[in-house]
$ cat work32.pdb   # PDB, C-alpha atoms
MODEL        1
ATOM      1  CA  MET A 227      -9.853  23.229  23.443  1.00  0.00           C
ATOM      2  CA  THR A 228      -9.388  20.522  26.053  1.00  0.00           C
ATOM      3  CA  LYS A 229      -5.991  19.026  26.601  1.00  0.00           C
ATOM      4  CA  LEU A 230      -5.648  15.372  25.584  1.00  0.00           C
ATOM      5  CA  PRO A 231      -4.836  12.977  28.424  1.00  0.00           C
ATOM      6  CA  LYS A 232      -1.212  11.824  28.432  1.00  0.00           C
ATOM      7  CA  LEU A 233      -2.106   8.281  29.518  1.00  0.00           C
ATOM      8  CA  LEU A 234      -4.746   6.092  27.921  1.00  0.00           C
ATOM      9  CA  THR A 235      -6.533   3.054  29.289  1.00  0.00           C
ATOM     10  CA  ILE A 236      -6.367  -0.242  27.429  1.00  0.00           C
ATOM     11  CA  GLY A 237      -9.966   0.302  26.296  1.00  0.00           C
ATOM     12  CA  GLU A 238      -9.154   3.753  24.920  1.00  0.00           C
ATOM     13  CA  VAL A 239      -6.117   2.416  23.057  1.00  0.00           C
ATOM     14  CA  ALA A 240      -8.161  -0.471  21.646  1.00  0.00           C
ATOM     15  CA  GLN A 241     -10.870   1.913  20.463  1.00  0.00           C
ATOM     16  CA  ARG A 242      -8.466   4.458  18.949  1.00  0.00           C
ATOM     17  CA  SER A 243      -6.180   1.898  17.282  1.00  0.00           C
ATOM     18  CA  GLY A 244      -8.723  -0.698  16.237  1.00  0.00           C
ATOM     19  CA  VAL A 245      -6.557  -3.335  17.938  1.00  0.00           C
ATOM     20  CA  ALA A 246      -8.290  -5.760  20.293  1.00  0.00           C
ATOM     21  CA  GLN A 247      -7.373  -5.627  23.957  1.00  0.00           C
ATOM     22  CA  THR A 248      -6.129  -9.215  23.764  1.00  0.00           C
ATOM     23  CA  ALA A 249      -3.780  -8.221  20.937  1.00  0.00           C
ATOM     24  CA  LEU A 250      -2.542  -5.249  22.975  1.00  0.00           C
ATOM     25  CA  ARG A 251      -1.671  -7.580  25.840  1.00  0.00           C
ATOM     26  CA  PHE A 252       0.029  -9.958  23.394  1.00  0.00           C
ATOM     27  CA  TYR A 253       2.072  -7.131  21.834  1.00  0.00           C
ATOM     28  CA  GLU A 254       3.061  -6.030  25.308  1.00  0.00           C
ATOM     29  CA  GLU A 255       4.164  -9.559  26.247  1.00  0.00           C
ATOM     30  CA  ARG A 256       6.288  -9.608  23.070  1.00  0.00           C
ATOM     31  CA  GLY A 257       7.856  -6.237  23.970  1.00  0.00           C
ATOM     32  CA  LEU A 258       6.387  -4.409  20.967  1.00  0.00           C
ATOM     33  CA  ILE A 259       4.599  -1.882  23.169  1.00  0.00           C
ATOM     34  CA  SER A 260       4.775  -1.022  26.839  1.00  0.00           C
ATOM     35  CA  SER A 261       2.534   0.339  29.544  1.00  0.00           C
ATOM     36  CA  THR A 262       2.753   1.529  33.087  1.00  0.00           C
ATOM     37  CA  ARG A 263       0.530   0.290  35.899  1.00  0.00           C
ATOM     38  CA  THR A 264      -1.704   2.214  38.228  1.00  0.00           C
ATOM     39  CA  SER A 265      -1.820   1.508  41.948  1.00  0.00           C
ATOM     40  CA  GLY A 266      -4.782  -0.751  41.113  1.00  0.00           C
ATOM     41  CA  ASN A 267      -2.578  -2.635  38.581  1.00  0.00           C
ATOM     42  CA  GLN A 268      -4.448  -1.291  35.551  1.00  0.00           C
ATOM     43  CA  ARG A 269      -2.519  -0.700  32.334  1.00  0.00           C
ATOM     44  CA  ARG A 270      -1.925   2.843  31.127  1.00  0.00           C
ATOM     45  CA  TYR A 271      -0.378   3.597  27.752  1.00  0.00           C
ATOM     46  CA  GLU A 272       1.313   6.784  26.652  1.00  0.00           C
ATOM     47  CA  ARG A 273      -0.278   8.398  23.605  1.00  0.00           C
ATOM     48  CA  PRO A 274       2.670   7.616  21.212  1.00  0.00           C
ATOM     49  CA  VAL A 275       1.710   3.922  21.505  1.00  0.00           C
ATOM     50  CA  LEU A 276      -0.966   4.682  18.899  1.00  0.00           C
ATOM     51  CA  ARG A 277       1.730   5.370  16.285  1.00  0.00           C
ATOM     52  CA  ARG A 278       3.589   2.223  17.215  1.00  0.00           C
ATOM     53  CA  LEU A 279       0.385   0.225  16.831  1.00  0.00           C
ATOM     54  CA  ALA A 280      -0.323   1.781  13.437  1.00  0.00           C
ATOM     55  CA  PHE A 281       3.196   0.809  12.398  1.00  0.00           C
ATOM     56  CA  ILE A 282       2.823  -2.750  13.737  1.00  0.00           C
ATOM     57  CA  ARG A 283      -0.481  -3.298  11.949  1.00  0.00           C
ATOM     58  CA  SER A 284       0.807  -1.840   8.676  1.00  0.00           C
ATOM     59  CA  ALA A 285       3.941  -3.971   8.818  1.00  0.00           C
ATOM     60  CA  GLN A 286       1.872  -7.089   9.515  1.00  0.00           C
ATOM     61  CA  ARG A 287      -0.407  -6.252   6.585  1.00  0.00           C
ATOM     62  CA  VAL A 288       2.545  -6.413   4.185  1.00  0.00           C
ATOM     63  CA  GLY A 289       3.660  -9.725   5.657  1.00  0.00           C
ATOM     64  CA  LEU A 290       6.486  -8.770   7.988  1.00  0.00           C
ATOM     65  CA  SER A 291       6.929 -11.043  10.983  1.00  0.00           C
ATOM     66  CA  LEU A 292       6.603  -9.912  14.588  1.00  0.00           C
ATOM     67  CA  ASP A 293      10.316 -10.589  15.022  1.00  0.00           C
ATOM     68  CA  GLN A 294      11.131  -8.220  12.140  1.00  0.00           C
ATOM     69  CA  ILE A 295       8.753  -5.649  13.572  1.00  0.00           C
ATOM     70  CA  SER A 296      10.265  -6.037  17.030  1.00  0.00           C
ATOM     71  CA  ASP A 297      13.797  -5.582  15.668  1.00  0.00           C
ATOM     72  CA  ALA A 298      12.713  -2.415  13.881  1.00  0.00           C
ATOM     73  CA  LEU A 299      10.898  -0.986  16.890  1.00  0.00           C
ATOM     74  CA  ALA A 300      13.968  -1.645  19.042  1.00  0.00           C
ATOM     75  CA  THR A 301      15.758   1.062  17.023  1.00  0.00           C
ATOM     76  CA  LEU A 302      13.296   3.721  18.197  1.00  0.00           C
ATOM     77  CA  PRO A 303      13.988   5.801  21.311  1.00  0.00           C
ATOM     78  CA  ASP A 304      12.532   4.692  24.630  1.00  0.00           C
ATOM     79  CA  ASP A 305      12.772   8.060  26.371  1.00  0.00           C
ATOM     80  CA  HIS A 306      10.556  10.099  24.016  1.00  0.00           C
ATOM     81  CA  ALA A 307       8.078   9.790  21.173  1.00  0.00           C
ATOM     82  CA  PRO A 308       9.834   8.939  17.907  1.00  0.00           C
ATOM     83  CA  THR A 309      10.493  11.869  15.609  1.00  0.00           C
ATOM     84  CA  LYS A 310       9.928  12.007  11.874  1.00  0.00           C
ATOM     85  CA  ALA A 311      13.661  11.333  11.436  1.00  0.00           C
ATOM     86  CA  ASP A 312      13.403   8.225  13.657  1.00  0.00           C
ATOM     87  CA  TRP A 313      10.553   6.856  11.529  1.00  0.00           C
ATOM     88  CA  ALA A 314      12.394   7.713   8.297  1.00  0.00           C
ATOM     89  CA  ARG A 315      15.499   5.847   9.486  1.00  0.00           C
ATOM     90  CA  LEU A 316      13.420   2.823  10.407  1.00  0.00           C
ATOM     91  CA  SER A 317      11.591   2.764   7.066  1.00  0.00           C
ATOM     92  CA  LYS A 318      14.844   3.131   5.128  1.00  0.00           C
ATOM     93  CA  ARG A 319      16.082  -0.125   6.678  1.00  0.00           C
ATOM     94  CA  TRP A 320      13.096  -1.960   5.193  1.00  0.00           C
ATOM     95  CA  ARG A 321      13.153  -0.484   1.684  1.00  0.00           C
ATOM     96  CA  ASP A 322      15.015  -3.440   0.096  1.00  0.00           C
ATOM     97  CA  GLU A 323      12.845  -5.999   1.903  1.00  0.00           C
ATOM     98  CA  LEU A 324       9.653  -4.265   0.836  1.00  0.00           C
ATOM     99  CA  ASP A 325      10.875  -3.879  -2.752  1.00  0.00           C
ATOM    100  CA  ALA A 326      11.603  -7.626  -2.862  1.00  0.00           C
ATOM    101  CA  ARG A 327       8.117  -8.396  -1.543  1.00  0.00           C
ATOM    102  CA  ILE A 328       6.535  -6.090  -4.117  1.00  0.00           C
ATOM    103  CA  ASP A 329       8.521  -7.817  -6.860  1.00  0.00           C
ATOM    104  CA  GLY A 330       7.399 -11.233  -5.612  1.00  0.00           C
ATOM    105  CA  LEU A 331       3.767 -10.156  -5.512  1.00  0.00           C
ATOM    106  CA  GLN A 332       3.963  -8.761  -9.028  1.00  0.00           C
ATOM    107  CA  ARG A 333       5.526 -11.997 -10.262  1.00  0.00           C
ATOM    108  CA  LEU A 334       2.765 -13.969  -8.563  1.00  0.00           C
ATOM    109  CA  ARG A 335       0.090 -11.764 -10.101  1.00  0.00           C
ATOM    110  CA  ASP A 336       1.595 -12.051 -13.584  1.00  0.00           C
ATOM    111  CA  ARG A 337       2.172 -15.813 -13.525  1.00  0.00           C
ATOM    112  CA  LEU A 338      -0.616 -17.147 -11.343  1.00  0.00           C
ATOM    113  CA  THR A 339      -3.219 -17.417 -14.091  1.00  0.00           C
ATOM    114  CA  GLY A 340      -1.033 -19.711 -16.213  1.00  0.00           C
ATOM    115  CA  CYS A 341       0.357 -21.993 -13.542  1.00  0.00           C
ATOM    116  CA  ILE A 342       1.805 -21.808 -10.058  1.00  0.00           C
ATOM    117  CA  GLY A 343       4.333 -24.540 -10.675  1.00  0.00           C
ATOM    118  CA  CYS A 344       2.451 -27.290  -8.888  1.00  0.00           C
ATOM    119  CA  GLY A 345       3.065 -29.793 -11.691  1.00  0.00           C
ATOM    120  CA  CYS A 346      -0.461 -31.162 -11.611  1.00  0.00           C
ATOM    121  CA  LEU A 347      -0.839 -31.130 -15.423  1.00  0.00           C
ATOM    122  CA  SER A 348      -4.574 -30.723 -14.955  1.00  0.00           C
ATOM    123  CA  LEU A 349      -4.765 -27.722 -17.251  1.00  0.00           C
ATOM    124  CA  ARG A 350      -5.302 -28.279 -20.978  1.00  0.00           C
ATOM    125  CA  THR A 351      -2.578 -25.803 -21.784  1.00  0.00           C
ATOM    126  CA  CYS A 352       0.117 -25.658 -19.167  1.00  0.00           C
ATOM    127  CA  ALA A 353       2.685 -22.913 -19.642  1.00  0.00           C
ATOM    128  CA  LEU A 354       5.024 -24.927 -17.488  1.00  0.00           C
ATOM    129  CA  HIS A 355       4.382 -28.391 -18.938  1.00  0.00           C
ATOM    130  CA  ASN A 356       5.954 -30.319 -16.130  1.00  0.00           C
ATOM    131  CA  ALA A 357       6.004 -33.810 -17.632  1.00  0.00           C
ATOM    132  CA  ASP A 358       7.627 -36.375 -15.339  1.00  0.00           C
ATOM    133  CA  ASP A 359       7.748 -33.779 -12.572  1.00  0.00           C
ATOM    134  CA  HIS A 360      10.976 -32.130 -13.756  1.00  0.00           C
ATOM    135  CA  MET A 361      10.157 -29.118 -11.564  1.00  0.00           C
ATOM    136  CA  SER A 362      10.822 -31.216  -8.465  1.00  0.00           C
ATOM    137  CA  GLU A 363      14.538 -30.813  -9.161  1.00  0.00           C
ATOM    138  CA  LEU A 364      14.150 -27.103  -8.448  1.00  0.00           C
ATOM    139  CA  GLY A 365      12.935 -27.658  -4.909  1.00  0.00           C
ATOM    140  CA  PRO A 366       9.654 -27.428  -3.016  1.00  0.00           C
ATOM    141  CA  GLY A 367       6.901 -24.912  -3.525  1.00  0.00           C
ATOM    142  CA  ALA A 368       6.300 -22.981  -6.707  1.00  0.00           C
ATOM    143  CA  PRO A 369       9.736 -22.635  -8.307  1.00  0.00           C
ATOM    144  CA  ALA A 370       8.352 -20.855 -11.369  1.00  0.00           C
ATOM    145  CA  LEU A 371       7.404 -17.945  -9.108  1.00  0.00           C
ATOM    146  CA  ARG A 372      10.755 -17.608  -7.355  1.00  0.00           C
ATOM    147  CA  PRO A 373      13.145 -14.997  -8.694  1.00  0.00           C
ATOM    148  CA  ALA A 374      15.890 -16.366 -10.892  1.00  0.00           C
ATOM    149  CA  ALA A 375      19.365 -16.363  -9.348  1.00  0.00           C
ATOM    150  CA  ASP A 376      20.359 -13.368 -11.469  1.00  0.00           C
ATOM    151  CA  GLU A 377      17.269 -11.398 -10.290  1.00  0.00           C
ATOM    152  CA  LYS A 378      18.160 -11.547  -6.586  1.00  0.00           C
TER     153      LYS A 378
ENDMDL
END

$ encode --input "work32.pdb" --output "structure tokens"
Amino acid sequence: MTKLPKLLTIGEVAQRSGVAQTALRFYEERGLISSTRTSGNQRRYERPVLRRLAFIRSAQRVGLSLDQISDALATLPDDHAPTKADWARLSKRWRDELDARIDGLQRLRDRLTGCIGCGCLSLRTCALHNADDHMSELGPGAPALRPAADEK
């Protein structure tokens, strides 16, 4: 069995991760990933960058911002590949945030068919019945989909 190369080119990382080279450069500019440079100034990435990229893409898919992702990645060690315990610690920090997002998505799914709180009154039967735009007192957006104060 051949030994895997320790350093990967930007093309190899893009192919393995499914992340475009432009996105890799962007993530590097933002400090989410890092590379070393060859004498010819070409980027080389250590193999653990693939896990970081998988984490970044998964976090983005659930709606976390790059700032949140960056803060989380900053808790991982710089001097070695993160261990299972490192990843577990990072994911534990996000449990409440992810649970809140799941709750919000479930509320959206369950209430979207009836009305999203826009107050348009264009439906024949409006579960909200927002005559005279009373919902405006509750603030912008779709207040019927926000958690009640006692649910937070």

$ residues_around --input "work32.pdb" --residues "range 288-300 of chain A" --least-positions-apart "3" --cutoff "7 Å" --atoms "only C-alpha atoms" --output "list in words"
Leu258, Ile282, Ser284, Ala285 and Leu316 of chain A

$ write_last_selection --input "work32.pdb" --atoms "C-alpha atoms" --output "PDB file, keeping the file's coordinate frame"
ATOM      1  CA  LEU A 258       6.387  -4.409  20.967  1.00  0.00           C
ATOM      2  CA  ILE A 282       2.823  -2.750  13.737  1.00  0.00           C
ATOM      3  CA  SER A 284       0.807  -1.840   8.676  1.00  0.00           C
ATOM      4  CA  ALA A 285       3.941  -3.971   8.818  1.00  0.00           C
ATOM      5  CA  LEU A 316      13.420   2.823  10.407  1.00  0.00           C
TER       6      LEU A 316
END

$ residues_around --input "work32.pdb" --residues "Leu234 in chain A" --least-positions-apart "4" --cutoff "7 Å" --atoms "all atoms listed in the file" --output "JSON, numbers by chain"
{"A": [238, 239, 270, 271, 272, 273]}

$ atom_distance --input "work32.pdb" --atom1 "CA of Leu276 in chain A" --atom2 "CA of Ser260 in chain A"
11.3 Å

$ atom_distance --input "work32.pdb" --atom1 "CA of Arg277 in chain A" --atom2 "CA of Lys310 in chain A"
11.4 Å

$ atom_distance --input "work32.pdb" --atom1 "CA of Ala246 in chain A" --atom2 "CA of Ala280 in chain A"
12.9 Å

$ closest_residue --input "work32.pdb" --among "A:Arg269, A:Leu279, A:Arg335, A:Leu230" --to "Arg242 in chain A" --atoms "only C-alpha atoms"
A:Leu279

$ resolve_selection --input "work32.pdb" --expression "the PyMOL selection byres ((chain A and resi 251) around 12)" --output "list in words"
Ile236, Gly237, Val239, Ala240, Val245, Ala246, Gln247, Thr248, Ala249, Leu250, Phe252, Tyr253, Glu254, Glu255, Arg256, Gly257, Leu258, Ile259, Ser260, Ser261, Gln268, Arg269, Arg270 and Tyr271 of chain A

$ closest_residue --input "work32.pdb" --among "A:Lys232, A:Asp312, A:Pro366, A:Leu324" --to "Gln286 in chain A" --atoms "all atoms listed in the file"
A:Leu324
